[in-house]
$ cat entry.json   # JSON, C-alpha atoms
[["chain", "number", "residue", "atom", "x", "y", "z"],
["A", 72, "MET", "CA", -13.78, -7.22, -34.09],
["A", 73, "TRP", "CA", -16.02, -6.58, -31.07],
["A", 74, "ILE", "CA", -13.35, -7.33, -28.46],
["A", 75, "PHE", "CA", -11.29, -4.33, -29.52],
["A", 76, "ASP", "CA", -14.16, -1.93, -28.76],
["A", 77, "GLY", "CA", -14.00, -2.42, -24.98],
["A", 78, "VAL", "CA", -13.37, 0.69, -22.90],
["A", 79, "LEU", "CA", -12.71, 0.94, -19.17],
["A", 80, "ARG", "CA", -13.24, 4.54, -18.11],
["A", 81, "ASN", "CA", -11.84, 5.90, -14.83],
["A", 82, "ALA", "CA", -9.48, 2.96, -14.51],
["A", 83, "THR", "CA", -7.75, 4.68, -11.59],
["A", 84, "VAL", "CA", -10.80, 3.85, -9.47],
["A", 85, "PHE", "CA", -10.45, 0.20, -10.42],
["A", 86, "LEU", "CA", -6.73, 0.31, -9.64],
["A", 87, "THR", "CA", -7.52, 1.62, -6.16],
["A", 88, "ALA", "CA", -10.20, -1.03, -5.66],
["A", 89, "SER", "CA", -7.98, -3.89, -6.79],
["A", 90, "THR", "CA", -5.12, -2.82, -4.52],
["A", 91, "LEU", "CA", -7.54, -2.54, -1.59],
["A", 92, "PHE", "CA", -8.90, -6.01, -2.41],
["A", 93, "SER", "CA", -5.35, -7.29, -2.39],
["A", 94, "ALA", "CA", -4.60, -5.78, 1.02],
["A", 95, "VAL", "CA", -7.85, -6.98, 2.56],
["A", 96, "LEU", "CA", -7.36, -10.50, 1.23],
["A", 97, "LEU", "CA", -3.91, -10.64, 2.80],
["A", 98, "GLY", "CA", -5.51, -9.70, 6.12],
["A", 99, "VAL", "CA", -8.16, -12.39, 5.67],
["A", 100, "PHE", "CA", -5.42, -14.93, 4.95],
["A", 101, "ALA", "CA", -3.65, -13.99, 8.18],
["A", 102, "GLN", "CA", -6.88, -14.37, 10.15],
["A", 103, "LEU", "CA", -7.61, -17.76, 8.59],
["A", 104, "ALA", "CA", -4.08, -18.94, 9.35],
["A", 105, "SER", "CA", -4.57, -17.88, 12.97],
["A", 106, "LEU", "CA", -7.94, -19.62, 13.12],
["A", 107, "ARG", "CA", -6.45, -22.77, 11.57],
["A", 108, "SER", "CA", -3.67, -22.85, 14.17],
["A", 109, "ARG", "CA", -6.31, -23.44, 16.86],
["A", 110, "PHE", "CA", -6.92, -26.88, 15.40],
["A", 111, "THR", "CA", -3.27, -27.89, 15.28],
["A", 112, "VAL", "CA", -2.49, -26.95, 18.90],
["A", 113, "ASP", "CA", -5.17, -29.09, 20.52],
["A", 114, "GLU", "CA", -5.67, -32.82, 20.10],
["A", 115, "PRO", "CA", -7.70, -33.13, 16.87],
["A", 116, "THR", "CA", -11.13, -34.76, 16.95],
["A", 117, "PRO", "CA", -13.13, -36.09, 13.98],
["A", 118, "GLN", "CA", -15.43, -33.07, 14.26],
["A", 119, "ASP", "CA", -12.42, -30.78, 13.89],
["A", 120, "GLN", "CA", -11.61, -32.36, 10.53],
["A", 121, "ASP", "CA", -14.71, -30.79, 8.93],
["A", 122, "GLN", "CA", -13.78, -27.41, 10.35],
["A", 123, "ARG", "CA", -10.21, -27.75, 9.11],
["A", 124, "ASP", "CA", -11.48, -28.71, 5.65],
["A", 125, "VAL", "CA", -13.68, -25.60, 5.48],
["A", 126, "LEU", "CA", -10.78, -23.40, 6.55],
["A", 127, "ASP", "CA", -8.41, -25.04, 4.08],
["A", 128, "GLU", "CA", -10.90, -24.55, 1.26],
["A", 129, "SER", "CA", -11.37, -20.92, 2.27],
["A", 130, "VAL", "CA", -7.61, -20.33, 2.28],
["A", 131, "ASN", "CA", -7.38, -21.72, -1.26],
["A", 132, "HIS", "CA", -10.14, -19.36, -2.43],
["A", 133, "VAL", "CA", -8.53, -16.41, -0.67],
["A", 134, "MET", "CA", -5.20, -17.10, -2.36],
["A", 135, "ALA", "CA", -6.87, -17.44, -5.77],
["A", 136, "ALA", "CA", -8.65, -14.11, -5.26],
["A", 137, "GLU", "CA", -5.39, -12.56, -4.03],
["A", 138, "ILE", "CA", -3.58, -13.63, -7.20],
["A", 139, "GLY", "CA", -6.44, -12.23, -9.28],
["A", 140, "ALA", "CA", -6.38, -8.90, -7.43],
["A", 141, "ILE", "CA", -2.61, -8.59, -7.82],
["A", 142, "ALA", "CA", -2.85, -9.48, -11.52],
["A", 143, "ALA", "CA", -5.59, -6.89, -12.04],
["A", 144, "SER", "CA", -3.52, -4.27, -10.24],
["A", 145, "ILE", "CA", -0.49, -4.99, -12.41],
["A", 146, "LEU", "CA", -2.54, -4.96, -15.62],
["A", 147, "LEU", "CA", -4.23, -1.71, -14.62],
["A", 148, "ALA", "CA", -0.91, -0.07, -13.75],
["A", 149, "VAL", "CA", 0.57, -1.12, -17.09],
["A", 150, "GLY", "CA", -2.54, 0.00, -18.97],
["A", 151, "LEU", "CA", -2.67, 3.36, -17.23],
["A", 152, "GLY", "CA", 1.05, 3.88, -17.73],
["A", 153, "THR", "CA", 0.91, 3.22, -21.46],
["A", 154, "SER", "CA", -2.35, 5.05, -22.23],
["A", 155, "GLY", "CA", -1.46, 8.37, -20.63],
["A", 156, "SER", "CA", -5.07, 8.87, -19.52],
["A", 157, "SER", "CA", -7.47, 7.30, -17.05],
["A", 158, "THR", "CA", -9.10, 5.20, -19.78],
["A", 159, "ILE", "CA", -8.04, 1.71, -20.87],
["A", 160, "CYS", "CA", -9.21, 0.45, -24.26],
["A", 161, "GLY", "CA", -9.20, -2.84, -26.09],
["A", 162, "PRO", "CA", -8.52, -6.37, -24.91],
["A", 163, "LEU", "CA", -6.77, -5.15, -21.76],
["A", 164, "ALA", "CA", -10.06, -3.61, -20.60],
["A", 165, "TRP", "CA", -11.80, -6.96, -21.06],
["A", 166, "VAL", "CA", -9.10, -8.89, -19.23],
["A", 167, "VAL", "CA", -9.09, -6.45, -16.30],
["A", 168, "SER", "CA", -12.90, -6.46, -16.08],
["A", 169, "GLY", "CA", -13.02, -10.26, -16.15],
["A", 170, "THR", "CA", -10.31, -10.56, -13.51],
["A", 171, "LEU", "CA", -12.04, -8.13, -11.16],
["A", 172, "ALA", "CA", -15.37, -9.90, -11.71],
["A", 173, "TYR", "CA", -13.68, -13.19, -10.80],
["A", 174, "VAL", "CA", -12.29, -11.66, -7.61],
["A", 175, "ALA", "CA", -15.74, -10.34, -6.67],
["A", 176, "VAL", "CA", -17.37, -13.75, -7.27],
["A", 177, "VAL", "CA", -14.73, -15.56, -5.20],
["A", 178, "ILE", "CA", -15.25, -13.11, -2.34],
["A", 179, "LEU", "CA", -19.00, -13.77, -2.47],
["A", 180, "MET", "CA", -18.30, -17.53, -2.45],
["A", 181, "LEU", "CA", -16.10, -17.12, 0.62],
["A", 182, "LEU", "CA", -18.69, -15.46, 2.84],
["A", 183, "PRO", "CA", -20.67, -18.60, 3.78],
["A", 184, "ASN", "CA", -17.46, -20.56, 4.40],
["A", 185, "LEU", "CA", -16.06, -17.85, 6.63],
["A", 186, "LEU", "CA", -19.30, -17.61, 8.59],
["A", 187, "TYR", "CA", -19.39, -21.40, 9.01],
["A", 188, "ALA", "CA", -15.76, -21.50, 10.17],
["A", 189, "TYR", "CA", -16.36, -18.68, 12.64],
["A", 190, "THR", "CA", -19.51, -20.20, 14.14],
["A", 191, "ARG", "CA", -18.02, -23.67, 14.49],
["A", 192, "THR", "CA", -14.68, -22.54, 15.88],
["A", 193, "ASN", "CA", -16.18, -20.18, 18.44],
["A", 194, "ASN", "CA", -19.10, -22.48, 19.40],
["A", 195, "VAL", "CA", -21.81, -19.96, 18.50],
["A", 196, "ASP", "CA", -25.30, -21.11, 19.52],
["A", 197, "SER", "CA", -27.03, -22.79, 16.57],
["A", 198, "ALA", "CA", -30.05, -20.51, 16.95],
["A", 199, "LEU", "CA", -27.80, -17.50, 16.36],
["A", 200, "SER", "CA", -25.36, -18.91, 13.83],
["A", 201, "GLY", "CA", -27.56, -18.99, 10.75],
["A", 202, "PHE", "CA", -26.91, -22.72, 10.33],
["A", 203, "GLY", "CA", -29.50, -23.93, 12.86],
["A", 204, "ARG", "CA", -32.43, -26.10, 11.90]]
$ encode --input "entry.json" --output "structure tokens"
Amino acid sequence: MWIFDGVLRNATVFLTASTLFSAVLLGVFAQLASLRSRFTVDEPTPQDQDQRDVLDESVNHVMAAEIGAIAASILLAVGLGTSGSSTICGPLAWVVSGTLAYVAVVILMLLPNLLYAYTRTNNVDSALSGFGR
């Protein structure tokens, strides 16, 4: 069967990358929580609701990517521990590759949301924000 032919060479590099993703995403979560607290301290306006929604959506994506990065790290550690080399073969290689691809796609999806939240929260001029008309 074709799925058993998968090989992930130098899996230690992927283990390092997934643990770094996990650490960075925790930092992003802390920053988003700090940014979100700005909206709860002041009296909320209807315009703030859109900004809160963007931040809440971003936090959900960050947590999903965090869970994926942690899962990939655990799977890589188990795979490296059982294989005795830096190569992972079989279905585990496919699962790890798919999980890391998911984390990368979620991070790419987050970038516009994070830029929007930053520009709206800090009142960046529309000509400089990238969202101007």
$ residues_around --input "entry.json" --residues "Leu185 in chain A" --least-positions-apart "3" --cutoff "9 Å" --atoms "all atoms listed in the file" --output "mmCIF file with C-alpha atoms, in the coordinates of the input"
data_model
loop_
_atom_site.group_PDB
_atom_site.id
_atom_site.type_symbol
_atom_site.label_atom_id
_atom_site.label_comp_id
_atom_site.auth_asym_id
_atom_site.auth_seq_id
_atom_site.Cartn_x
_atom_site.Cartn_y
_atom_site.Cartn_z
ATOM 1 C CA LEU A 103 -7.610 -17.760 8.590
ATOM 2 C CA VAL A 125 -13.680 -25.600 5.480
ATOM 3 C CA LEU A 126 -10.780 -23.400 6.550
ATOM 4 C CA SER A 129 -11.370 -20.920 2.270
ATOM 5 C CA LEU A 181 -16.100 -17.120 0.620
ATOM 6 C CA LEU A 182 -18.690 -15.460 2.840
ATOM 7 C CA ALA A 188 -15.760 -21.500 10.170
ATOM 8 C CA TYR A 189 -16.360 -18.680 12.640
ATOM 9 C CA THR A 190 -19.510 -20.200 14.140
#
$ closest_residue --input "entry.json" --among "A:Val149, A:Asp127, A:Gln122, A:Tyr187" --to "Leu86 in chain A" --atoms "only C-alpha atoms"
A:Val149
$ residues_near_point --input "entry.json" --point "(-6.3, -13.0, -10.5)" --cutoff "8 Å" --atoms "only C-alpha atoms" --output "number ranges by chain"
A: 135-143, 170-171, 173-174
$ atom_distance --input "entry.json" --atom1 "CA of Met180 in chain A" --atom2 "CA of Leu97 in chain A"
16.8 Å
$ atom_distance --input "entry.json" --atom1 "CA of Ser156 in chain A" --atom2 "CA of Val95 in chain A"
27.3 Å
$ decode --input "entry.json" --residues "range 108-138 of chain A" --atoms "N, CA and C atoms" --output "PDB file, in the first residue's frame"
ATOM      1  N   SER A 108      -7.416  42.647  25.986  1.00  0.00           N
ATOM      2  CA  SER A 108      -7.763  43.278  27.261  1.00  0.00           C
ATOM      3  C   SER A 108      -7.963  44.786  27.116  1.00  0.00           C
ATOM      4  N   ARG A 109      -7.400  45.371  26.067  1.00  0.00           N
ATOM      5  CA  ARG A 109      -7.629  46.801  25.820  1.00  0.00           C
ATOM      6  C   ARG A 109      -9.104  47.098  25.569  1.00  0.00           C
ATOM      7  N   PHE A 110      -9.798  46.147  24.978  1.00  0.00           N
ATOM      8  CA  PHE A 110     -11.203  46.365  24.648  1.00  0.00           C
ATOM      9  C   PHE A 110     -12.116  46.137  25.833  1.00  0.00           C
ATOM     10  N   THR A 111     -11.684  45.389  26.814  1.00  0.00           N
ATOM     11  CA  THR A 111     -12.540  45.122  27.964  1.00  0.00           C
ATOM     12  C   THR A 111     -12.384  46.166  29.052  1.00  0.00           C
ATOM     13  N   VAL A 112     -11.284  46.923  29.046  1.00  0.00           N
ATOM     14  CA  VAL A 112     -11.057  47.950  30.069  1.00  0.00           C
ATOM     15  C   VAL A 112     -11.906  49.182  29.784  1.00  0.00           C
ATOM     16  N   ASP A 113     -11.888  49.625  28.542  1.00  0.00           N
ATOM     17  CA  ASP A 113     -12.634  50.825  28.158  1.00  0.00           C
ATOM     18  C   ASP A 113     -14.100  50.481  27.911  1.00  0.00           C
ATOM     19  N   GLU A 114     -14.896  51.527  27.813  1.00  0.00           N
ATOM     20  CA  GLU A 114     -16.312  51.353  27.473  1.00  0.00           C
ATOM     21  C   GLU A 114     -16.396  50.900  26.011  1.00  0.00           C
ATOM     22  N   PRO A 115     -16.983  49.726  25.740  1.00  0.00           N
ATOM     23  CA  PRO A 115     -17.002  49.221  24.368  1.00  0.00           C
ATOM     24  C   PRO A 115     -17.917  50.041  23.458  1.00  0.00           C
ATOM     25  N   THR A 116     -17.486  50.204  22.229  1.00  0.00           N
ATOM     26  CA  THR A 116     -18.281  50.864  21.198  1.00  0.00           C
ATOM     27  C   THR A 116     -18.628  49.824  20.135  1.00  0.00           C
ATOM     28  N   PRO A 117     -19.600  50.119  19.267  1.00  0.00           N
ATOM     29  CA  PRO A 117     -19.932  49.161  18.201  1.00  0.00           C
ATOM     30  C   PRO A 117     -18.744  48.874  17.277  1.00  0.00           C
ATOM     31  N   GLN A 118     -17.883  49.876  17.074  1.00  0.00           N
ATOM     32  CA  GLN A 118     -16.709  49.665  16.227  1.00  0.00           C
ATOM     33  C   GLN A 118     -15.742  48.676  16.885  1.00  0.00           C
ATOM     34  N   ASP A 119     -15.684  48.695  18.206  1.00  0.00           N
ATOM     35  CA  ASP A 119     -14.805  47.776  18.922  1.00  0.00           C
ATOM     36  C   ASP A 119     -15.245  46.327  18.772  1.00  0.00           C
ATOM     37  N   GLN A 120     -16.523  46.111  18.509  1.00  0.00           N
ATOM     38  CA  GLN A 120     -17.016  44.736  18.376  1.00  0.00           C
ATOM     39  C   GLN A 120     -16.345  44.024  17.207  1.00  0.00           C
ATOM     40  N   ASP A 121     -16.164  44.709  16.075  1.00  0.00           N
ATOM     41  CA  ASP A 121     -15.480  44.104  14.932  1.00  0.00           C
ATOM     42  C   ASP A 121     -14.044  43.747  15.283  1.00  0.00           C
ATOM     43  N   GLN A 122     -13.385  44.644  15.998  1.00  0.00           N
ATOM     44  CA  GLN A 122     -11.999  44.389  16.385  1.00  0.00           C
ATOM     45  C   GLN A 122     -11.915  43.223  17.361  1.00  0.00           C
ATOM     46  N   ARG A 123     -12.851  43.153  18.281  1.00  0.00           N
ATOM     47  CA  ARG A 123     -12.873  42.023  19.215  1.00  0.00           C
ATOM     48  C   ARG A 123     -13.123  40.713  18.476  1.00  0.00           C
ATOM     49  N   ASP A 124     -14.008  40.744  17.487  1.00  0.00           N
ATOM     50  CA  ASP A 124     -14.299  39.533  16.723  1.00  0.00           C
ATOM     51  C   ASP A 124     -13.066  39.031  15.980  1.00  0.00           C
ATOM     52  N   VAL A 125     -12.308  39.960  15.386  1.00  0.00           N
ATOM     53  CA  VAL A 125     -11.087  39.571  14.678  1.00  0.00           C
ATOM     54  C   VAL A 125     -10.079  38.965  15.647  1.00  0.00           C
ATOM     55  N   LEU A 126      -9.937  39.581  16.805  1.00  0.00           N
ATOM     56  CA  LEU A 126      -9.003  39.047  17.799  1.00  0.00           C
ATOM     57  C   LEU A 126      -9.459  37.682  18.315  1.00  0.00           C
ATOM     58  N   ASP A 127     -10.751  37.538  18.554  1.00  0.00           N
ATOM     59  CA  ASP A 127     -11.259  36.254  19.041  1.00  0.00           C
ATOM     60  C   ASP A 127     -11.051  35.150  18.005  1.00  0.00           C
ATOM     61  N   GLU A 128     -11.285  35.480  16.743  1.00  0.00           N
ATOM     62  CA  GLU A 128     -11.046  34.503  15.678  1.00  0.00           C
ATOM     63  C   GLU A 128      -9.567  34.140  15.601  1.00  0.00           C
ATOM     64  N   SER A 129      -8.709  35.135  15.736  1.00  0.00           N
ATOM     65  CA  SER A 129      -7.270  34.883  15.689  1.00  0.00           C
ATOM     66  C   SER A 129      -6.824  33.998  16.845  1.00  0.00           C
ATOM     67  N   VAL A 130      -7.377  34.230  18.026  1.00  0.00           N
ATOM     68  CA  VAL A 130      -7.023  33.400  19.181  1.00  0.00           C
ATOM     69  C   VAL A 130      -7.432  31.952  18.937  1.00  0.00           C
ATOM     70  N   ASN A 131      -8.595  31.739  18.343  1.00  0.00           N
ATOM     71  CA  ASN A 131      -9.024  30.370  18.038  1.00  0.00           C
ATOM     72  C   ASN A 131      -8.068  29.688  17.071  1.00  0.00           C
ATOM     73  N   HIS A 132      -7.626  30.421  16.041  1.00  0.00           N
ATOM     74  CA  HIS A 132      -6.676  29.852  15.086  1.00  0.00           C
ATOM     75  C   HIS A 132      -5.323  29.580  15.739  1.00  0.00           C
ATOM     76  N   VAL A 133      -4.889  30.485  16.604  1.00  0.00           N
ATOM     77  CA  VAL A 133      -3.614  30.288  17.293  1.00  0.00           C
ATOM     78  C   VAL A 133      -3.674  29.039  18.163  1.00  0.00           C
ATOM     79  N   MET A 134      -4.773  28.852  18.864  1.00  0.00           N
ATOM     80  CA  MET A 134      -4.888  27.671  19.722  1.00  0.00           C
ATOM     81  C   MET A 134      -4.957  26.382  18.897  1.00  0.00           C
ATOM     82  N   ALA A 135      -5.625  26.421  17.750  1.00  0.00           N
ATOM     83  CA  ALA A 135      -5.666  25.237  16.885  1.00  0.00           C
ATOM     84  C   ALA A 135      -4.270  24.907  16.361  1.00  0.00           C
ATOM     85  N   ALA A 136      -3.522  25.930  15.952  1.00  0.00           N
ATOM     86  CA  ALA A 136      -2.156  25.703  15.490  1.00  0.00           C
ATOM     87  C   ALA A 136      -1.265  25.232  16.633  1.00  0.00           C
ATOM     88  N   GLU A 137      -1.492  25.746  17.827  1.00  0.00           N
ATOM     89  CA  GLU A 137      -0.715  25.324  19.002  1.00  0.00           C
ATOM     90  C   GLU A 137      -0.937  23.841  19.285  1.00  0.00           C
ATOM     91  N   ILE A 138      -2.182  23.408  19.234  1.00  0.00           N
ATOM     92  CA  ILE A 138      -2.480  21.992  19.461  1.00  0.00           C
ATOM     93  C   ILE A 138      -1.826  21.135  18.379  1.00  0.00           C
TER      94      ILE A 138
END
